[in-house]
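coords_23.tsv (TSV, C-alpha atoms) appears below.
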chain	number	residue	atom	x	y	z
W	1	MET	CA	34.38	9.91	68.90
W	2	ASN	CA	35.49	10.57	65.31
W	3	ASN	CA	32.16	9.20	64.05
W	4	GLN	CA	30.29	11.50	66.42
W	5	ARG	CA	32.29	14.49	65.21
W	6	PHE	CA	31.60	13.55	61.60
W	7	LEU	CA	27.88	13.25	62.33
W	8	LEU	CA	27.80	16.62	64.08
W	9	SER	CA	29.71	18.25	61.21
W	10	SER	CA	27.30	16.73	58.72
W	11	ILE	CA	24.28	18.06	60.63
W	12	VAL	CA	25.79	21.56	60.83
W	13	PHE	CA	26.62	21.45	57.11
W	14	PHE	CA	23.13	20.28	56.21
W	15	CYS	CA	21.51	22.98	58.35
W	16	SER	CA	23.65	25.64	56.66
W	17	ILE	CA	22.40	24.44	53.28
W	18	VAL	CA	18.75	24.40	54.34
W	19	GLN	CA	18.99	27.97	55.60
W	20	LEU	CA	20.44	29.49	52.43
W	21	PHE	CA	17.20	30.96	51.09
W	22	PRO	CA	14.47	30.41	53.72
W	23	CYS	CA	11.93	33.00	52.52
W	24	THR	CA	8.38	33.54	53.78
W	25	THR	CA	5.87	34.40	51.06
W	26	ALA	CA	2.17	35.06	50.43
W	27	LEU	CA	-0.14	35.39	47.44
W	28	VAL	CA	-3.51	37.12	47.86
W	29	SER	CA	-6.21	37.31	45.18
W	30	GLY	CA	-7.98	40.59	44.52
W	31	LYS	CA	-11.11	38.83	45.78
W	32	ALA	CA	-9.56	38.74	49.25
W	33	THR	CA	-8.35	42.36	49.42
W	34	LYS	CA	-10.38	45.38	50.43
W	35	ASP	CA	-9.53	47.33	47.27
W	36	GLY	CA	-9.72	44.39	44.82
W	37	ARG	CA	-6.00	44.48	43.93
W	38	PRO	CA	-3.90	41.29	44.21
W	39	LEU	CA	-0.86	41.15	46.47
W	40	LEU	CA	2.40	39.21	46.23
W	41	LEU	CA	4.73	39.20	49.25
W	42	LYS	CA	8.28	37.98	49.65
W	43	ASN	CA	10.14	38.28	52.95
W	44	ARG	CA	13.57	37.41	51.63
W	45	ASP	CA	16.16	35.45	53.61
W	46	ALA	CA	19.52	35.02	51.94
W	47	ASP	CA	23.21	34.51	52.55
W	48	GLU	CA	23.87	37.81	50.73
W	49	LEU	CA	22.52	40.52	53.04
W	50	GLN	CA	23.47	43.48	50.84
W	51	ASN	CA	20.55	43.89	48.41
W	52	LYS	CA	19.63	46.64	45.94
W	53	LEU	CA	16.98	47.52	43.39
W	54	MET	CA	17.75	47.68	39.68
W	55	TYR	CA	15.83	48.96	36.67
W	56	PHE	CA	16.16	46.95	33.45
W	57	SER	CA	15.29	47.47	29.80
W	58	ASP	CA	17.10	44.41	28.45
W	59	GLY	CA	14.05	42.41	27.35
W	60	LYS	CA	10.65	42.76	25.76
W	61	TYR	CA	9.37	44.62	28.82
W	62	ARG	CA	10.91	47.11	31.24
W	63	TYR	CA	11.12	45.91	34.84
W	64	ILE	CA	12.36	46.54	38.38
W	65	GLY	CA	14.01	43.75	40.35
W	66	LEU	CA	15.49	42.94	43.74
W	67	VAL	CA	19.13	41.99	43.18
W	68	ASN	CA	22.17	40.98	45.24
W	69	SER	CA	24.50	43.98	45.50
W	70	SER	CA	27.42	41.81	44.44
W	71	ASP	CA	25.63	41.13	41.13
W	72	SER	CA	26.80	44.24	39.27
W	73	THR	CA	24.97	43.51	36.00
W	74	GLY	CA	21.79	41.99	37.41
W	75	LYS	CA	22.18	38.46	36.05
W	76	GLU	CA	19.71	37.18	38.65
W	77	VAL	CA	16.54	38.78	40.00
W	78	TRP	CA	14.97	37.68	43.30
W	79	GLY	CA	11.58	39.29	42.87
W	80	GLY	CA	10.08	42.13	40.89
W	81	TYR	CA	7.56	43.25	38.30
W	82	ASN	CA	7.46	44.58	34.74
W	83	SER	CA	5.66	47.25	32.72
W	84	THR	CA	2.74	44.90	31.90
W	85	GLY	CA	1.92	44.42	35.58
W	86	PHE	CA	3.37	40.89	35.61
W	87	ALA	CA	5.15	40.13	38.90
W	88	ILE	CA	7.12	37.18	40.22
W	89	MET	CA	8.99	36.06	43.34
W	90	ASN	CA	10.01	32.74	44.88
W	91	SER	CA	10.79	30.78	47.98
W	92	ALA	CA	13.24	27.91	47.93
W	93	SER	CA	11.74	24.48	48.44
W	94	TYR	CA	13.59	21.55	49.96
W	95	ASN	CA	11.17	18.67	49.46
W	96	LEU	CA	10.46	18.47	45.71
W	97	LYS	CA	13.37	16.45	44.36
W	98	ARG	CA	13.00	12.66	44.30
W	99	ASN	CA	15.97	10.57	43.14
W	100	ASP	CA	17.25	13.58	41.22
W	101	THR	CA	21.00	13.61	40.60
W	102	THR	CA	21.01	16.86	38.59
W	103	VAL	CA	24.13	18.94	39.22
W	104	LEU	CA	22.75	22.22	37.86
W	105	SER	CA	21.13	24.27	40.67
W	106	ASP	CA	20.37	27.75	42.00
W	107	GLN	CA	18.90	29.02	38.73
W	108	GLU	CA	15.78	30.54	40.31
W	109	GLY	CA	17.06	34.09	39.89
W	110	VAL	CA	17.89	33.46	36.23
W	111	ILE	CA	14.39	32.11	35.50
W	112	MET	CA	12.72	35.02	37.30
W	113	LYS	CA	14.76	37.47	35.26
W	114	LEU	CA	13.67	35.72	32.05
W	115	ALA	CA	10.06	35.84	33.19
W	116	LEU	CA	10.23	39.59	33.83
W	117	GLN	CA	11.89	40.17	30.49
W	118	TYR	CA	9.33	38.29	28.40
W	119	CYS	CA	6.14	37.41	30.33
W	120	ALA	CA	2.94	39.46	30.58
W	121	SER	CA	0.62	36.80	32.03
W	122	LEU	CA	0.43	33.52	33.88
W	123	SER	CA	0.02	31.71	30.56
W	124	ASP	CA	3.22	33.34	29.29
W	125	PHE	CA	5.07	32.08	32.36
W	126	GLU	CA	3.69	28.59	31.89
W	127	HIS	CA	4.83	28.68	28.26
W	128	LEU	CA	8.29	29.74	29.46
W	129	LEU	CA	8.48	26.76	31.83
W	130	ASP	CA	7.11	24.42	29.18
W	131	THR	CA	9.71	25.45	26.59
W	132	LEU	CA	12.85	26.04	28.68
W	133	ALA	CA	15.54	23.38	28.42
W	134	LYS	CA	15.49	20.86	31.24
W	135	PRO	CA	16.74	20.34	33.85
W	136	PHE	CA	15.79	23.84	35.05
W	137	GLY	CA	18.29	23.87	37.91
W	138	VAL	CA	15.62	24.88	40.44
W	139	GLU	CA	13.64	23.63	43.42
W	140	ALA	CA	11.26	26.44	44.24
W	141	ASN	CA	7.78	27.82	44.80
W	142	PHE	CA	7.36	30.60	42.24
W	143	GLY	CA	4.58	33.08	43.06
W	144	VAL	CA	3.14	35.03	40.12
W	145	ILE	CA	0.44	37.67	39.53
W	146	ASP	CA	-0.54	39.54	36.36
W	147	ALA	CA	-2.67	42.55	35.38
W	148	LEU	CA	-5.46	40.25	34.19
W	149	GLY	CA	-6.38	39.16	37.72
W	150	GLY	CA	-4.36	35.95	37.60
W	151	GLY	CA	-2.34	34.63	40.51
W	152	ALA	CA	-0.73	31.27	41.25
W	153	TYR	CA	2.11	29.39	42.87
W	154	TYR	CA	4.17	27.08	40.65
W	155	GLU	CA	5.92	24.41	42.70
W	156	THR	CA	8.80	23.65	40.37
W	157	ASP	CA	11.61	21.10	40.32
W	158	ASN	CA	14.12	20.34	37.60
W	159	PHE	CA	11.65	18.74	35.21
W	160	ARG	CA	8.05	19.68	36.07
W	161	TYR	CA	5.79	22.12	37.87
W	162	THR	CA	2.48	21.96	39.74
W	163	LYS	CA	0.19	24.99	39.61
W	164	TYR	CA	-1.88	26.23	42.58
W	165	ASP	CA	-4.36	28.85	41.39
W	166	VAL	CA	-5.28	31.44	44.04
W	167	ASN	CA	-8.57	32.09	42.21
W	168	ASP	CA	-9.63	28.44	42.45
W	169	PRO	CA	-11.90	28.03	45.55
W	170	SER	CA	-10.94	24.37	45.84
W	171	VAL	CA	-7.28	25.39	46.14
W	172	ALA	CA	-7.61	28.70	48.01
W	173	PRO	CA	-11.06	28.82	49.67
W	174	ASP	CA	-10.34	32.21	51.28
W	175	GLY	CA	-8.55	33.66	48.26
W	176	TYR	CA	-4.98	33.46	49.52
W	177	LEU	CA	-2.05	31.02	49.57
W	178	LEU	CA	1.08	30.89	51.71
W	179	ARG	CA	4.46	29.24	51.17
W	180	THR	CA	7.74	29.00	53.06
W	181	ASN	CA	10.41	26.40	52.27
W	182	TYR	CA	8.50	23.31	51.41
W	183	SER	CA	6.01	22.47	48.67
W	184	VAL	CA	2.52	21.05	49.04
W	185	CYS	CA	3.19	18.51	46.28
W	186	GLY	CA	6.58	17.58	47.72
W	187	ILE	CA	7.68	14.86	50.11
W	188	GLU	CA	5.54	15.09	53.24
W	189	ASP	CA	7.20	16.44	56.39
W	190	LYS	CA	10.43	17.20	54.52
W	191	GLY	CA	11.79	20.61	53.66
W	192	ALA	CA	11.96	23.61	55.97
W	193	GLY	CA	10.01	26.61	57.24
W	194	TYR	CA	7.20	24.76	59.01
W	195	ILE	CA	7.38	26.94	62.13
W	196	ARG	CA	7.31	30.14	60.05
W	197	PHE	CA	4.46	28.76	57.96
W	198	ASN	CA	2.41	28.04	61.09
W	199	THR	CA	3.13	31.55	62.38
W	200	GLU	CA	2.12	33.11	59.07
W	201	GLU	CA	-0.96	30.93	58.71
W	202	THR	CA	-2.23	31.88	62.18
W	203	LEU	CA	-1.60	35.58	61.50
W	204	PHE	CA	-3.46	35.46	58.17
W	205	LYS	CA	-6.40	33.50	59.58
W	206	GLU	CA	-6.82	35.89	62.51
W	207	THR	CA	-6.61	38.92	60.22
W	208	TYR	CA	-8.98	37.55	57.57
W	209	ALA	CA	-11.55	36.73	60.24
W	210	LYS	CA	-11.78	40.49	60.88
W	211	GLY	CA	-12.15	41.45	57.22
W	212	LYS	CA	-10.36	41.41	53.89
W	213	PHE	CA	-6.64	42.14	53.57
W	214	THR	CA	-4.96	45.47	52.88
W	215	TYR	CA	-1.54	46.08	51.38
W	216	ARG	CA	-0.57	47.72	54.67
W	217	PHE	CA	-1.15	44.50	56.59
W	218	LEU	CA	1.12	42.54	54.28
W	219	ILE	CA	4.02	45.02	54.20
W	220	GLU	CA	3.70	46.62	57.66
W	221	THR	CA	2.67	43.68	59.82
W	222	VAL	CA	4.00	40.47	58.26
W	223	PRO	CA	7.72	41.37	57.84
W	224	HIS	CA	7.76	42.84	61.38
W	225	HIS	CA	5.72	40.11	63.09
W	226	LEU	CA	7.35	39.08	66.39
W	227	LYS	CA	5.25	36.10	67.45
W	228	HIS	CA	6.56	32.53	67.35
W	229	SER	CA	4.09	29.71	66.69
W	230	LEU	CA	6.12	26.97	68.40
W	231	THR	CA	7.32	28.68	71.58
W	232	LYS	CA	4.29	31.03	71.79
W	233	THR	CA	6.75	33.86	72.39
W	234	ASP	CA	5.58	37.39	71.55
W	235	LEU	CA	8.57	39.72	71.52
W	236	SER	CA	6.34	42.74	70.93
W	237	MET	CA	5.16	42.40	74.54
W	238	ILE	CA	8.67	42.78	75.96
W	239	LEU	CA	9.43	46.40	76.86
W	240	PRO	CA	12.71	47.12	78.68
W	241	ASN	CA	13.03	50.55	80.29
W	242	ASP	CA	15.41	52.02	77.70
W	243	THR	CA	18.34	51.08	75.47
W	244	THR	CA	20.61	50.57	78.51
W	245	ASP	CA	18.26	47.94	79.94
W	246	THR	CA	19.77	45.04	77.99
W	247	HIS	CA	17.35	42.18	77.31
W	248	PHE	CA	18.61	39.43	75.01
W	249	VAL	CA	16.20	36.87	73.58
W	250	PRO	CA	16.68	33.92	71.18
W	251	PHE	CA	15.82	35.11	67.67
W	252	GLN	CA	15.26	32.05	65.53
W	253	ASP	CA	12.38	31.03	63.21
W	254	PHE	CA	10.39	34.24	63.50
W	255	ILE	CA	9.23	35.64	60.14
W	256	PRO	CA	11.93	38.35	60.32
W	257	ARG	CA	15.27	36.65	60.98
W	258	THR	CA	18.91	37.64	61.17
W	259	SER	CA	19.18	36.28	57.61
W	260	THR	CA	16.40	38.53	56.26
W	261	SER	CA	17.84	40.79	53.58
W	262	ALA	CA	14.70	42.55	52.28
W	263	ALA	CA	10.94	42.37	51.90
W	264	ILE	CA	8.89	43.30	48.85
W	265	LEU	CA	5.15	43.51	48.40
W	266	ILE	CA	3.92	43.86	44.84
W	267	GLN	CA	0.45	45.38	44.75
W	268	GLY	CA	-1.16	44.63	41.41
W	269	VAL	CA	-3.94	46.45	39.58
W	270	LYS	CA	-7.60	45.91	38.88
W	271	ASN	CA	-8.53	44.72	35.38
W	272	HIS	CA	-9.36	48.21	34.09
W	273	GLU	CA	-6.33	49.98	35.60
W	274	GLN	CA	-3.03	50.93	34.00
W	275	PRO	CA	-0.40	48.22	34.59
W	276	LEU	CA	2.09	51.00	35.39
W	277	LEU	CA	0.09	51.62	38.58
W	278	THR	CA	1.49	48.35	39.90
W	279	THR	CA	3.41	49.26	43.06
W	280	MET	CA	6.36	47.49	44.67
W	281	TRP	CA	6.38	48.40	48.35
W	282	THR	CA	9.99	47.75	49.29
W	283	ILE	CA	11.83	47.23	52.58
W	284	LEU	CA	15.48	47.14	51.55
W	285	GLY	CA	17.65	45.55	54.21
W	286	PHE	CA	16.79	44.06	57.60
W	287	PRO	CA	13.05	44.87	58.10
W	288	LEU	CA	13.32	45.78	61.78
W	289	THR	CA	15.82	48.54	61.01
W	290	SER	CA	14.79	49.57	57.49
W	291	ILE	CA	11.75	51.36	56.13
W	292	ILE	CA	9.00	50.93	53.51
W	293	ILE	CA	9.50	52.82	50.22
W	294	PRO	CA	7.27	52.25	47.17
W	295	VAL	CA	8.66	52.19	43.64
W	296	TRP	CA	7.12	52.42	40.18
W	297	ILE	CA	8.53	52.02	36.67
W	298	VAL	CA	9.30	55.40	35.14
W	299	GLN	CA	10.40	55.94	31.55
W	300	ASP	CA	13.99	56.93	32.31
W	301	GLY	CA	14.47	54.15	34.87
W	302	PHE	CA	15.16	56.53	37.75
W	303	LEU	CA	14.82	55.15	41.30
W	304	PRO	CA	15.53	56.70	44.71
W	305	PRO	CA	19.35	56.74	45.03
W	306	ILE	CA	19.29	55.17	48.51
W	307	LEU	CA	17.75	52.03	46.96
W	308	VAL	CA	20.28	51.50	44.16
W	309	SER	CA	23.98	50.76	44.04
W	310	ASP	CA	26.31	53.67	44.83
W	311	VAL	CA	30.05	54.10	44.25
W	312	ARG	CA	30.67	51.44	46.92
W	313	ARG	CA	28.46	49.05	44.90
W	314	ILE	CA	25.91	48.80	47.70
W	315	ALA	CA	22.53	50.43	48.30
W	316	PRO	CA	22.84	53.07	51.07
W	317	LEU	CA	19.54	52.22	52.81
W	318	CYS	CA	20.37	48.52	52.96
W	319	ASP	CA	23.80	49.32	54.36
W	320	VAL	CA	22.37	51.64	57.02
W	321	ALA	CA	19.80	49.02	58.01
W	322	LEU	CA	22.58	46.45	58.44
W	323	LYS	CA	24.59	48.83	60.63
W	324	LEU	CA	21.56	49.38	62.87
W	325	LYS	CA	20.92	45.64	62.92
W	326	GLY	CA	24.34	45.41	64.58
W	327	LYS	CA	22.88	47.18	67.61
W	328	LEU	CA	20.03	44.67	67.81
W	329	CYS	CA	22.28	41.63	67.35
W	330	PRO	CA	25.70	42.81	68.56
W	331	SER	CA	27.33	39.48	69.42
W	332	HIS	CA	29.55	37.80	66.83
W	333	GLN	CA	30.81	34.98	69.03
W	334	GLY	CA	29.63	31.57	67.90
W	335	ILE	CA	25.89	31.84	67.22
W	336	GLY	CA	25.59	35.06	69.21
W	337	ASN	CA	23.98	36.76	66.23
W	338	LYS	CA	20.93	34.55	66.82
W	339	TYR	CA	20.16	36.61	69.94
W	340	LEU	CA	18.39	39.96	69.77
W	341	ASP	CA	18.58	42.80	72.28
W	342	VAL	CA	14.95	43.90	72.55
W	343	ALA	CA	15.96	47.13	74.31
W	344	PHE	CA	17.34	48.57	71.07
W	345	LEU	CA	14.26	47.48	69.14
W	346	GLN	CA	11.60	48.85	71.50
W	347	ASN	CA	11.40	50.11	75.06
W	348	ARG	CA	9.21	52.10	77.43
W	349	LYS	CA	10.94	55.38	76.60
W	350	LYS	CA	10.15	54.76	72.90
W	351	THR	CA	13.76	55.23	71.86
W	352	GLY	CA	13.98	51.83	70.16
W	353	ILE	CA	14.98	51.71	66.49
W	354	ARG	CA	11.65	50.38	65.26
W	355	GLN	CA	9.73	52.88	67.41
W	356	GLN	CA	11.75	55.74	65.91
W	357	LEU	CA	11.09	54.58	62.35
W	358	ILE	CA	7.34	53.98	62.48
W	359	PRO	CA	6.38	57.71	62.27
W	360	VAL	CA	8.74	58.14	59.31
W	361	GLU	CA	7.21	55.14	57.59
W	362	ASN	CA	3.70	56.45	58.22
W	363	GLU	CA	4.54	59.75	56.52
W	364	ILE	CA	5.96	57.94	53.49
W	365	LEU	CA	2.83	55.79	53.19
W	366	LYS	CA	0.61	58.85	53.58
W	367	GLN	CA	2.38	60.70	50.76
W	368	SER	CA	2.46	57.58	48.58
W	369	GLU	CA	-1.26	57.04	48.93
W	370	LYS	CA	-1.94	60.64	47.84
W	371	TYR	CA	-0.04	60.07	44.60
W	372	LEU	CA	-1.69	56.69	43.98
W	373	SER	CA	-5.15	58.11	44.63
W	374	SER	CA	-4.52	60.83	42.05
W	375	TRP	CA	-2.97	58.50	39.47
W	376	ARG	CA	-5.84	56.04	39.72
W	377	LYS	CA	-8.11	58.84	38.52
W	378	THR	CA	-5.90	60.56	35.95
W	379	GLY	CA	-3.24	58.00	35.00
W	380	PHE	CA	0.32	57.29	36.09
W	381	ASN	CA	2.62	60.31	35.82
W	382	ASP	CA	6.40	59.93	35.46
W	383	ALA	CA	7.11	63.47	36.65
W	384	ASP	CA	5.09	62.96	39.82
W	385	ALA	CA	6.89	59.70	40.55
W	386	GLY	CA	10.26	61.38	40.03
W	387	GLN	CA	9.25	64.19	42.37
W	388	PHE	CA	8.24	61.65	45.01
W	389	TYR	CA	11.53	59.77	44.60
W	390	HIS	CA	13.56	62.93	45.21
W	391	TRP	CA	11.45	63.82	48.25
W	392	VAL	CA	11.53	60.36	49.85
W	393	ASN	CA	15.27	60.01	49.29
W	394	GLU	CA	16.06	63.21	51.19
W	395	TYR	CA	13.33	62.69	53.79
W	396	VAL	CA	14.58	59.22	54.76
W	397	LYS	CA	18.20	60.38	54.98
W	398	LYS	CA	17.25	63.37	57.11
W	399	GLU	CA	15.06	61.35	59.51
W	400	TYR	CA	17.63	58.57	60.01
W	401	GLU	CA	20.21	61.24	60.79
W	402	ARG	CA	17.90	63.14	63.13
W	403	ARG	CA	16.33	60.22	64.97
W	404	LEU	CA	19.05	57.56	64.93
W	405	LYS	CA	22.23	59.64	64.47
W	406	ILE	CA	23.11	57.76	61.30
W	407	SER	CA	25.59	59.29	58.88
W	408	TRP	CA	25.22	58.47	55.18
W	409	GLN	CA	28.30	57.72	53.11
Now, as a test, write the supplied structure out as C-alpha cells.
Amino acid sequence: MNNQRFLLSSIVFFCSIVQLFPCTTALVSGKATKDGRPLLLKNRDADELQNKLMYFSDGKYRYIGLVNSSDSTGKEVWGGYNSTGFAIMNSASYNLKRNDTTVLSDQEGVIMKLALQYCASLSDFEHLLDTLAKPFGVEANFGVIDALGGGAYYETDNFRYTKYDVNDPSVAPDGYLLRTNYSVCGIEDKGAGYIRFNTEETLFKETYAKGKFTYRFLIETVPHHLKHSLTKTDLSMILPNDTTDTHFVPFQDFIPRTSTSAAILIQGVKNHEQPLLTTMWTILGFPLTSIIIPVWIVQDGFLPPILVSDVRRIAPLCDVALKLKGKLCPSHQGIGNKYLDVAFLQNRKKTGIRQQLIPVENEILKQSEKYLSSWRKTGFNDADAGQFYHWVNEYVKKEYERRLKISWQ
C-alpha cells in the first residue's frame, strides 16, 4: 500500500511539473496571411495567473513585454516585441533534454528579455544564442519574427538549438508552424500538449483551406476555441437556457484552460512599413472573460492603465477577468476548478460572459483598425496612440460595469 501511495504521489507531482507552462503557440509567415504581415501567437498557461504589461527602455531597443505581476522590476518577459519590429515568445518543451543533469532551469523569461533588449533580427537572436554562456537553463520552443520578413522556431535545450524556418517550404509548406509543449527534434512521443496540438492543427488546416489567415482569426478564434480533438467535444454547441441553468462540463486540454493567464498576438509589418506599426493584440487574463486590446510602443512608454500594474501591484483587467472566471469555474474542492459552468459562458438568453463581451471587443477592433489604416498611410503617431489608449481604458471599464456589473478597484 505504501508503494502504491508513493507511486500515486509521484505521478501527481510529475503532472504538476508538466503543467507549469503548457502554452499553445503559432507562427505564420506573411506569405500565409491575407495582408502579407507575419503573425506570432502565444496562448499563455502559467502557474502565475496575475499578468501585466510593462514598457522597458533598459536596453538597446525599447520594448513591451508580458510579465508576471509579482515581478515588480520585469526581470523576466514571457513574450513581447521591440521598436525594431523584432518579436519573441515561447512554449515550454518537455522532450528535448537527454541525459542532462543541469541544475539551472527556468531561464526562458530572462533570455527573451535579453533578446528584446538587443535583437533586431533572427540573425541577432541566433548570435545571442551562439554567444550566451552555457548551459542556458532552458528547454523551450522560442518563436521569433522580425521586420525583415523573417520567422522561425528555435527548439532550444541547455546547449544547442534547432531552427525551423517558417519561410522554408520544406519545413512549413503552407507558411505556418505550430508548437505546444514538445519539440519536433525532441524525444518522440515524450513531452506534453499533444491533444492541444491536434486541436490547433485541425483548426488551422480547416481555416487555411478556406483562404489565407487574418490576425482576427488568430486572436479572436484560437484563444477562445472550445473544441477538443480527443473527445470530439464542442462546448460552443452547448446552450443552457440562462445563467441559472447550471451545466458543468470537464474543462481539460482545450486551448483555453483554467491555467491560461493571457494571450498575445504580435502582428508584424511588411518590409517597407515602419517597425513601430508592429501591433501586439493582447488578451490580459483568462481569455474567456477578458478582452482584446492592442498596444504599440509610444515614446513616453504610456500604456492603458488597466493593462499595467496599479497600487495593488496587479493589472486591473487581469484581476477583473480572474474574478469573472470564478463564475465559470466556481468549485475549489479538489479538482473542481477543472469543471466549467457553460451557463455563465454562453446561454440562449445571451447573458453569458463571453456573449456580453463580444460586442465590446468588436468595437475595440473597429476603432483599432481605423487608426492602423491611417498610420499605414501617414506613419505611426504617438498622440493618436495615446488618445486611443485613454479611450479604450475608459470604454472597457464602462462596458464591464454596465454589462457585467463589475466594479473596478
Can you tell me, as a list in words, what residues are no more than 9 Å from Phe136 of chain W when counting all atoms listed in the file, ignoring any on the same chain fewer than 5 positions away?
-> Leu104, Ser105, Gln107, Glu108, Ile111, Leu129, Thr156, Asp157, Asn158, Phe159 and Arg160 of chain W
Å distance separating atom CA of Phe380 of chain W from atom CA of Leu277 of chain W, one decimal place =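 Computing the Euclidean distance for atom CA of Phe380 of chain W and atom CA of Leu277 of chain W yields 6.2 Å.
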Which polymer residues have any atom within 10 Å of an atom of Leu317 of chain W, counting only C-alpha atoms, with same-chain residues fewer than 3 positions away left out, as a PDB file with C-alpha atoms, keeping the file's coordinate frame?
ATOM      1  CA  GLN W  50      23.470  43.480  50.840  1.00  0.00           C
ATOM      2  CA  ASN W  51      20.550  43.890  48.410  1.00  0.00           C
ATOM      3  CA  LYS W  52      19.630  46.640  45.940  1.00  0.00           C
ATOM      4  CA  ILE W 283      11.830  47.230  52.580  1.00  0.00           C
ATOM      5  CA  LEU W 284      15.480  47.140  51.550  1.00  0.00           C
ATOM      6  CA  GLY W 285      17.650  45.550  54.210  1.00  0.00           C
ATOM      7  CA  PHE W 286      16.790  44.060  57.600  1.00  0.00           C
ATOM      8  CA  THR W 289      15.820  48.540  61.010  1.00  0.00           C
ATOM      9  CA  SER W 290      14.790  49.570  57.490  1.00  0.00           C
ATOM     10  CA  ILE W 291      11.750  51.360  56.130  1.00  0.00           C
ATOM     11  CA  PRO W 305      19.350  56.740  45.030  1.00  0.00           C
ATOM     12  CA  ILE W 306      19.290  55.170  48.510  1.00  0.00           C
ATOM     13  CA  LEU W 307      17.750  52.030  46.960  1.00  0.00           C
ATOM     14  CA  VAL W 308      20.280  51.500  44.160  1.00  0.00           C
ATOM     15  CA  SER W 309      23.980  50.760  44.040  1.00  0.00           C
ATOM     16  CA  ILE W 314      25.910  48.800  47.700  1.00  0.00           C
ATOM     17  CA  VAL W 320      22.370  51.640  57.020  1.00  0.00           C
ATOM     18  CA  ALA W 321      19.800  49.020  58.010  1.00  0.00           C
ATOM     19  CA  LEU W 322      22.580  46.450  58.440  1.00  0.00           C
ATOM     20  CA  LYS W 323      24.590  48.830  60.630  1.00  0.00           C
ATOM     21  CA  ASN W 393      15.270  60.010  49.290  1.00  0.00           C
ATOM     22  CA  VAL W 396      14.580  59.220  54.760  1.00  0.00           C
ATOM     23  CA  LYS W 397      18.200  60.380  54.980  1.00  0.00           C
ATOM     24  CA  TYR W 400      17.630  58.570  60.010  1.00  0.00           C
ATOM     25  CA  TRP W 408      25.220  58.470  55.180  1.00  0.00           C
TER      26      TRP W 408
END
Which polymer residues have any atom within 8 Å of an atom of Leu288 of chain W, counting all atoms listed in the file, with same-chain residues fewer than 2 positions away left out, as a PyMOL selection string?
-> chain W and resi 224+256+286+290+325+345+353-354
C-alpha atoms of the current selection, written as a PDB file, in the frame of the given file:
ATOM      1  CA  HIS W 224       7.760  42.840  61.380  1.00  0.00           C
ATOM      2  CA  PRO W 256      11.930  38.350  60.320  1.00  0.00           C
ATOM      3  CA  PHE W 286      16.790  44.060  57.600  1.00  0.00           C
ATOM      4  CA  SER W 290      14.790  49.570  57.490  1.00  0.00           C
ATOM      5  CA  LYS W 325      20.920  45.640  62.920  1.00  0.00           C
ATOM      6  CA  LEU W 345      14.260  47.480  69.140  1.00  0.00           C
ATOM      7  CA  ILE W 353      14.980  51.710  66.490  1.00  0.00           C
ATOM      8  CA  ARG W 354      11.650  50.380  65.260  1.00  0.00           C
TER       9      ARG W 354
END
One decimal, Å: what's the distance from atom CA of His228 of chain W over to atom CA of Leu328 of chain W, could you say?
->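 Atom-to-atom, atom CA of His228 of chain W and atom CA of Leu328 of chain W are spaced 18.1 Å apart.
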Per-residue nearest contacts segment 90-200 of chain W to segment 58-61 of chain W, cut-off 9 Å, using only C-alpha atoms, as JSON lines:
{"residue": "W:Leu114", "atom": "CA", "partner": "W:Gly59", "partner_atom": "CA", "distance": 8.2}
{"residue": "W:Leu116", "atom": "CA", "partner": "W:Tyr61", "partner_atom": "CA", "distance": 7.2}
{"residue": "W:Gln117", "atom": "CA", "partner": "W:Gly59", "partner_atom": "CA", "distance": 4.4}
{"residue": "W:Tyr118", "atom": "CA", "partner": "W:Lys60", "partner_atom": "CA", "distance": 5.4}
{"residue": "W:Cys119", "atom": "CA", "partner": "W:Tyr61", "partner_atom": "CA", "distance": 8.0}
{"residue": "W:Ala120", "atom": "CA", "partner": "W:Tyr61", "partner_atom": "CA", "distance": 8.4}
Could you name the residues that touch segment 36-41 of chain W at 6 Å or less, counting all atoms listed in the file, but leaving out those on the same chain fewer than 5 positions away, as an NGL selection string?
-> :W and (25-31 or 264-270)
Best match for closeness to Gly109 of chain W among W:Ala152, W:Thr131, W:Thr279, W:Gly65, counting all atoms listed in the file = W:Gly65
Which neighbours of Tyr339 of chain W fall inside 10 Å, counting only C-alpha atoms, when residues of the same chain fewer than 6 positions from it are skipped, and could you give them as a PyMOL selection string?
-> chain W and resi 247-252+258+328-332
Keeping C-alpha atoms for every residue in the selection just given, could you write it to a file as a compact mmCIF listing (two decimals), in the coordinates of the input?
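Saved to again-v7.txt:
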# COMPACT_ATOMS: atom_id res chain seq x y z
CA HIS W 247 17.35 42.18 77.31
CA PHE W 248 18.61 39.43 75.01
CA VAL W 249 16.20 36.87 73.58
CA PRO W 250 16.68 33.92 71.18
CA PHE W 251 15.82 35.11 67.67
CA GLN W 252 15.26 32.05 65.53
CA THR W 258 18.91 37.64 61.17
CA LEU W 328 20.03 44.67 67.81
CA CYS W 329 22.28 41.63 67.35
CA PRO W 330 25.70 42.81 68.56
CA SER W 331 27.33 39.48 69.42
CA HIS W 332 29.55 37.80 66.83
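In this model, the gap between atom CA of Glu139 of chain W and atom CA of Trp78 of chain W comes to 14.1 Å.
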Please identify every residue of segment 35-92 of chain W that has at least one atom no farther than 12 Å from an atom of segment 186-208 of chain W, counting all atoms listed in the file, and for each give the shortest atom pair and the distance in Å to one decimal, arranged by chain then increasing number, as a Markdown table.
| residue | atom | partner | partner_atom | distance |
| --- | --- | --- | --- | --- |
| W:Leu41 | CA | W:Glu200 | CA | 11.8 |
| W:Asn43 | CA | W:Arg196 | CA | 11.2 |
| W:Asp45 | CA | W:Gly193 | CA | 11.4 |
| W:Ser91 | CA | W:Gly193 | CA | 10.2 |
| W:Ala92 | CA | W:Ala192 | CA | 9.2 |
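The nearest approach to Phe213 of chain W among the residues W:Leu404, W:Val144, W:Lys97, W:Asp35, with all atoms listed in the file taken into account, belongs to W:Asp35.
Closest approach to Ala172 of chain W from the set W:Gly151, W:Pro359, W:Gly336, W:Gly301 is made by W:Gly151, with distances taken over only C-alpha atoms.
Nearest-residue note for Ser93 of chain W: choosing from W:Leu230, W:Ala140, W:Met54, W:Met112, the minimum distance belongs to W:Ala140, counting all atoms listed in the file.
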With distances taken over only C-alpha atoms, which of W:Leu239, W:Glu394, W:Leu53, W:Phe86 is nearest to Gly74 of chain W?
-> W:Leu53
For each of W:Val392, W:Met237, W:Ile255, W:Val138, take the minimum atom-to-atom distance to Asp106 of chain W, counting all atoms listed in the file, then give the residue where this is smallest.
->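 Selected residue with least distance to Asp106 of chain W: W:Val138.
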